[in-house]
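Encoded as structure tokens, the structure appears first; notes follow it.
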Amino acid sequence: MIGADPMKNGMVECHVCHSKMVSPSARTVSRAYDQHRNKISSKYRALNVLLVVGDCVLVGLQPILVFMSKVDGKFKFSPISVNFLTEVAKVLFAIIMLLFQARRQKVGEKPLLSFSTFMQAARNNVLLAVPAFLYAINNYLKFTMQLYFNPATVKMLSNLKVLVIAVLLKVIMKRRFSIIQWEALALLLIGISVNQLRSLPEGTTAMGLPVATGAYLYTLIFVTVPSMASVFNEYALKSQFDTSIYLQNLFLYGYGALFNFLGILVTALIKGPSSLDILQGHSKATMLLIVNNAAQGILSSFFFKYADTILKKYSSTVATIFTGIASAALFGHTLTINFMLGISIVFISMHQFFSALSKVKDEPPSGSLEIMDVQNKHRLADSSFINMTAGANEEATHHIDHDERKPLLPT
């Protein structure tokens with residue numbers, strides 16, 4: 001909750017007035033988010049556009065740079081070293097931005113760089129360790145996928161994350177989607193399937209497994225792990241919305257650097273001390289890849305905190321066409337009719353999902369429904385009472401005939 005500290009018994013305390021109130025449920029937060037998204041200002045709409053454009057460029061370049069980093073179809077460097085250097089670069093960026101933000105603080109504001117502020121934020125944002133660990137696994141999988149799929153195929157496979165993310169958002173964050181939006185996600189899945197028809201040559205193997213088994217296994221892990229990372233990341237960032245995003249990024253990237261460093265140590269134990277040379281086998285293409293990955297990770301944090309995970313993944317879908325055209329121009333990969341049809345279906349799905357007709361209609365909360373039921377019962381009781389009163393008045397003003405005055409029994 002913004003500007004409030006959690007307390008016992010499901011209560012929160014306001015930072016400003018120190019008043020106590022009931023902590024909102026996940027469904028309440030989801031409903032408030034839907035209303036905020038519908039009433040979003042033009043300033044934030046412009047921010048969303050900039051985020052989407054930047055994400056399209058960075059995500060589109062990533063598989064191309066990974067492909068350029070391969071020598072004779074293999075990596076001469078350790079993928080974990082690239083991930084570690086990427087996390088270190090993001091940590092340095094977060095520290096620099098924190099210093100700039102601290103210098104621009106107004107008088108009376110809580111200092112960002114104080115030890116107490118840092119420790120309190122570290123305790124409140126410990127959940128960021130979960131997406132950091134999942135991202136460490138996912139970043140390694142990206143390189144593994146590039147060994148067996150071309151860049152355009154990798155991008156299309158990554159779009160499967162949208163459907164998994166939608167399910168996780170509904171389960172974990174109680175996010176609501178309309179029927180039209182679920183249909184749009186199903187249409188997205190169809191578009192990806194069309195693109196994958198006959199995209200792998202027969203007889204190819206991956207790590208000793210048949211290509212079908214290897215493709216399904218890699219795709220399952222490649223889709224599930226980053227989807228969980230994205231949802232947990234959005235949940236962790238938005239649950240501590242009053243914390244500086246650069247401070248949150250410092251924790252997230254610090255955890256990521258730690259996990260990747262542990263991966264380097266494990267690799268050194270398996271392959272020998274030579275694996276500790278994190279700069280071994282790197283080239284200009286890998287340096288560009290590190291810069292691209294760092295910029296992409298920083299941009300993603302703004303998506304998760306100020307925009308939406310679904311928007312982030314759909315913007316990555318837009319990058320698919322850029323990746324396909326660029327890989328065809330640079331590496332001679334063929335753009336098949338399946339790829340063009342798949343892209344067309346994906347864009348139709350994207351338009352349908354974000355269409356004004358697909359917005360979720362606001363429903364009154366359960367408490368309001370109960371109040372409405374009670375009010376309806378009172379209205380029915382009041383109407384019955386009014387009818388009874390009207391009947392009594394009618395009897396009182398009724399003209400009594402001569403025969404009606406006679407007694408019912410003879411006297």
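Residue numbering restarts at 1 for every chain of the structure tokens, chains are lettered A, B, ... in their displayed order, and ligands are numbered from 1 as they appear.
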
Go through stretch 110-353 of chain A and collect every residue that DSSP, computed from the backbone, puts in alpha helix (DSSP H); the answer should be as a ChimeraX atom specification.
/A:115-124,129-146,151-158,161-172,179-196,211-239,245-271,284-306,309-331,337-353

ask   = Contacts of stretch 159-167 of chain A at 6 Å or less, counting only C-alpha atoms, minus same-chain residues fewer than 3 places along, as a PyMOL selection string?
value = chain A and resi 156+170+185+223+227

Run DSSP on the backbone and tell me which residues of stretch 47-213 of chain A come out as strand (DSSP E); list them as an mmCIF file with C-alpha atoms, in the first residue's frame.
data_model
loop_
_atom_site.group_PDB
_atom_site.id
_atom_site.type_symbol
_atom_site.label_atom_id
_atom_site.label_comp_id
_atom_site.auth_asym_id
_atom_site.auth_seq_id
_atom_site.Cartn_x
_atom_site.Cartn_y
_atom_site.Cartn_z
ATOM 1 C CA LYS A 70 28.628 -17.070 -31.597
ATOM 2 C CA VAL A 71 31.769 -18.398 -33.281
ATOM 3 C CA LYS A 74 29.211 -21.918 -30.328
ATOM 4 C CA PHE A 75 29.967 -19.414 -27.575
ATOM 5 C CA THR A 205 19.295 -33.019 -31.944
ATOM 6 C CA ALA A 206 19.798 -30.789 -28.932
ATOM 7 C CA LEU A 209 17.801 -35.305 -27.078
ATOM 8 C CA PRO A 210 15.559 -35.579 -30.146
#

query: Using only C-alpha atoms, which residues sit within 12 Å of A:Met340 once same-chain residues fewer than 3 positions away are excluded, as a list in words?
result: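 Listed by chain and then number, they are Ala152, Met156, Gly191, Ile192, Val194, Asn195, Gln196, Thr320, Ile321, Gly324, Ile325, Thr334, Leu335, Thr336, Ile337, Ile343, Ser344, Ile345, Val346 and Phe347 of chain A.
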
Near A:Asn138, within 9 Å and counting only C-alpha atoms, which residues show up once chain neighbours fewer than 4 positions away are dropped, as a PyMOL selection string? chain A and resi 133-134+142+221-223+225-226+229

Taking only C-alpha atoms into account, produce a table as JSON lines in which each residue of stretch 295-333 of chain A with an atom at most 12 Å from an atom of stretch 83-95 of chain A appears once, together with its shortest atom pair and the distance in Å to one decimal, ordered by chain and rising number.
{"residue": "A:Ala295", "atom": "CA", "partner": "A:Lys90", "partner_atom": "CA", "distance": 7.8}
{"residue": "A:Gln296", "atom": "CA", "partner": "A:Lys90", "partner_atom": "CA", "distance": 9.9}
{"residue": "A:Gly297", "atom": "CA", "partner": "A:Lys90", "partner_atom": "CA", "distance": 7.7}
{"residue": "A:Ile298", "atom": "CA", "partner": "A:Lys90", "partner_atom": "CA", "distance": 7.0}
{"residue": "A:Leu299", "atom": "CA", "partner": "A:Lys90", "partner_atom": "CA", "distance": 10.7}
{"residue": "A:Ser300", "atom": "CA", "partner": "A:Lys90", "partner_atom": "CA", "distance": 11.8}
{"residue": "A:Ser301", "atom": "CA", "partner": "A:Lys90", "partner_atom": "CA", "distance": 11.1}

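Each of A:Ile137, A:Lys305, A:Glu109, A:Phe322 was compared to A:Asn48 using only C-alpha atoms, and A:Lys305 turns out to be the nearest.
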
Write out as a PDB file with N, CA and C atoms, in the first residue's frame each polymer residue whose atoms come within 10 Å of A:Ile245, counting only C-alpha atoms; drop sequence neighbours fewer than 4 positions from it.
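Saved result, selection-v4.pdb, follows:
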ATOM      1  N   ALA A  94      22.212   2.018 -11.035  1.00  0.00           N
ATOM      2  CA  ALA A  94      21.290   2.301  -9.937  1.00  0.00           C
ATOM      3  C   ALA A  94      21.952   3.189  -8.887  1.00  0.00           C
ATOM      4  N   MET A  97      22.160   6.800 -10.268  1.00  0.00           N
ATOM      5  CA  MET A  97      20.854   7.453 -10.267  1.00  0.00           C
ATOM      6  C   MET A  97      20.396   7.768  -8.835  1.00  0.00           C
ATOM      7  N   LEU A  98      20.763   6.918  -7.878  1.00  0.00           N
ATOM      8  CA  LEU A  98      20.433   7.195  -6.480  1.00  0.00           C
ATOM      9  C   LEU A  98      21.142   8.452  -5.996  1.00  0.00           C
ATOM     10  N   LEU A 237       7.706  -4.797  -6.756  1.00  0.00           N
ATOM     11  CA  LEU A 237       7.928  -3.371  -6.992  1.00  0.00           C
ATOM     12  C   LEU A 237       6.708  -2.541  -6.599  1.00  0.00           C
ATOM     13  N   LYS A 238       5.520  -3.003  -6.959  1.00  0.00           N
ATOM     14  CA  LYS A 238       4.318  -2.228  -6.685  1.00  0.00           C
ATOM     15  C   LYS A 238       3.859  -2.342  -5.236  1.00  0.00           C
ATOM     16  N   GLN A 240       5.752  -2.104  -2.731  1.00  0.00           N
ATOM     17  CA  GLN A 240       6.521  -1.069  -2.030  1.00  0.00           C
ATOM     18  C   GLN A 240       6.667   0.138  -2.943  1.00  0.00           C
ATOM     19  N   PHE A 241       5.522   0.682  -3.329  1.00  0.00           N
ATOM     20  CA  PHE A 241       5.508   1.711  -4.362  1.00  0.00           C
ATOM     21  C   PHE A 241       6.185   3.000  -3.904  1.00  0.00           C
ATOM     22  N   ASN A 249      15.873  -1.180  -7.597  1.00  0.00           N
ATOM     23  CA  ASN A 249      16.734  -1.771  -8.616  1.00  0.00           C
ATOM     24  C   ASN A 249      18.092  -2.170  -8.047  1.00  0.00           C
ATOM     25  N   LEU A 250      18.599  -1.378  -7.099  1.00  0.00           N
ATOM     26  CA  LEU A 250      19.869  -1.717  -6.474  1.00  0.00           C
ATOM     27  C   LEU A 250      19.782  -3.072  -5.768  1.00  0.00           C
ATOM     28  N   PHE A 251      18.669  -3.311  -5.074  1.00  0.00           N
ATOM     29  CA  PHE A 251      18.479  -4.608  -4.418  1.00  0.00           C
ATOM     30  C   PHE A 251      18.304  -5.726  -5.442  1.00  0.00           C
ATOM     31  N   ILE A 298      16.938  -2.380 -17.036  1.00  0.00           N
ATOM     32  CA  ILE A 298      16.546  -1.117 -16.390  1.00  0.00           C
ATOM     33  C   ILE A 298      15.188  -0.663 -16.905  1.00  0.00           C
ATOM     34  N   SER A 301      12.214  -2.583 -15.399  1.00  0.00           N
ATOM     35  CA  SER A 301      11.791  -2.206 -14.047  1.00  0.00           C
ATOM     36  C   SER A 301      10.769  -1.081 -14.080  1.00  0.00           C
ATOM     37  N   PHE A 302      10.917  -0.137 -15.018  1.00  0.00           N
ATOM     38  CA  PHE A 302       9.934   0.933 -15.158  1.00  0.00           C
ATOM     39  C   PHE A 302       8.609   0.379 -15.675  1.00  0.00           C
ATOM     40  N   LYS A 305       6.847  -1.374 -12.626  1.00  0.00           N
ATOM     41  CA  LYS A 305       6.399  -0.506 -11.536  1.00  0.00           C
ATOM     42  C   LYS A 305       5.360   0.501 -11.989  1.00  0.00           C
ATOM     43  N   TYR A 306       5.541   1.081 -13.169  1.00  0.00           N
ATOM     44  CA  TYR A 306       4.669   2.173 -13.596  1.00  0.00           C
ATOM     45  C   TYR A 306       3.711   1.795 -14.720  1.00  0.00           C
TER      46      TYR A 306
END

Exercise for the section: Do a neighbour search on A:Ile264 at 8 Å with only C-alpha atoms, toss out local chain neighbours closer than 5 positions, and write the hits as a ChimeraX atom specification. Expected result: /A:80-81,275-276

Please write the residues from the selection above to a file, keeping all heavy atoms, as an mmCIF file, in the first residue's frame.
data_model
loop_
_atom_site.group_PDB
_atom_site.id
_atom_site.type_symbol
_atom_site.label_atom_id
_atom_site.label_comp_id
_atom_site.auth_asym_id
_atom_site.auth_seq_id
_atom_site.Cartn_x
_atom_site.Cartn_y
_atom_site.Cartn_z
ATOM 1 N N ILE A 80 27.283 -17.150 -18.282
ATOM 2 C CA ILE A 80 27.081 -16.655 -16.920
ATOM 3 C C ILE A 80 27.918 -15.401 -16.687
ATOM 4 O O ILE A 80 27.511 -14.492 -15.957
ATOM 5 C CB ILE A 80 27.439 -17.753 -15.891
ATOM 6 C CG1 ILE A 80 26.557 -18.976 -16.100
ATOM 7 C CG2 ILE A 80 27.282 -17.233 -14.468
ATOM 8 C CD1 ILE A 80 26.842 -20.103 -15.120
ATOM 9 N N SER A 81 29.112 -15.323 -17.317
ATOM 10 C CA SER A 81 29.947 -14.131 -17.160
ATOM 11 C C SER A 81 29.275 -12.907 -17.775
ATOM 12 O O SER A 81 29.371 -11.804 -17.233
ATOM 13 C CB SER A 81 31.317 -14.360 -17.796
ATOM 14 O OG SER A 81 31.214 -14.502 -19.210
ATOM 15 N N SER A 275 37.715 -20.901 -15.517
ATOM 16 C CA SER A 275 36.376 -20.330 -15.698
ATOM 17 C C SER A 275 36.182 -19.056 -14.879
ATOM 18 O O SER A 275 35.211 -18.340 -15.097
ATOM 19 C CB SER A 275 35.312 -21.362 -15.299
ATOM 20 O OG SER A 275 35.424 -22.535 -16.087
ATOM 21 N N LEU A 276 37.115 -18.789 -13.952
ATOM 22 C CA LEU A 276 36.996 -17.576 -13.144
ATOM 23 C C LEU A 276 37.366 -16.327 -13.933
ATOM 24 O O LEU A 276 37.066 -15.205 -13.489
ATOM 25 C CB LEU A 276 37.903 -17.681 -11.908
ATOM 26 C CG LEU A 276 37.498 -18.741 -10.868
ATOM 27 C CD1 LEU A 276 38.532 -18.824 -9.761
ATOM 28 C CD2 LEU A 276 36.116 -18.426 -10.297
#

Could you list, as a ChimeraX atom specification, every residue within 12 Å of A:Leu265, counting only C-alpha atoms and ignoring same-chain residues fewer than 2 positions away? /A:80-81,84,258-263,267-278

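Put simply, atom CA of A:Gly281 is 13.3 Å away from atom CA of A:Asp72.
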
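Closest approach to A:Leu50 among A:Thr144, A:Gln248, A:Ser315, A:Ser114: A:Ser315, based on only C-alpha atoms.
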
Check: Using only C-alpha atoms, which of A:Gln101, A:Ser358, A:Asn139, A:Ser244 sits nearest A:Ala257?
Finding: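 Once distances to A:Ala257 are computed over only C-alpha atoms, the minimum belongs to A:Asn139.
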
### Proximity to A:Thr309 - best of A:Ala184, A:Met287, A:Ala132, A:Leu51, only C-alpha atoms
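Of A:Ala184, A:Met287, A:Ala132, A:Leu51, the one nearest A:Thr309 is A:Leu51, counting only C-alpha atoms.
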
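Counting only C-alpha atoms, the residue from A:Ser283, A:Ser69, A:Ser349, A:Ser78 that sits nearest to A:Leu187 is A:Ser349.
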
Counting only C-alpha atoms, the residue of A:Ala236, A:Met350, A:Ala186, A:Ala307 that sits nearest A:Arg45:
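Going through A:Ala236, A:Met350, A:Ala186, A:Ala307 one by one, the smallest distance to A:Arg45 is for A:Ala307.
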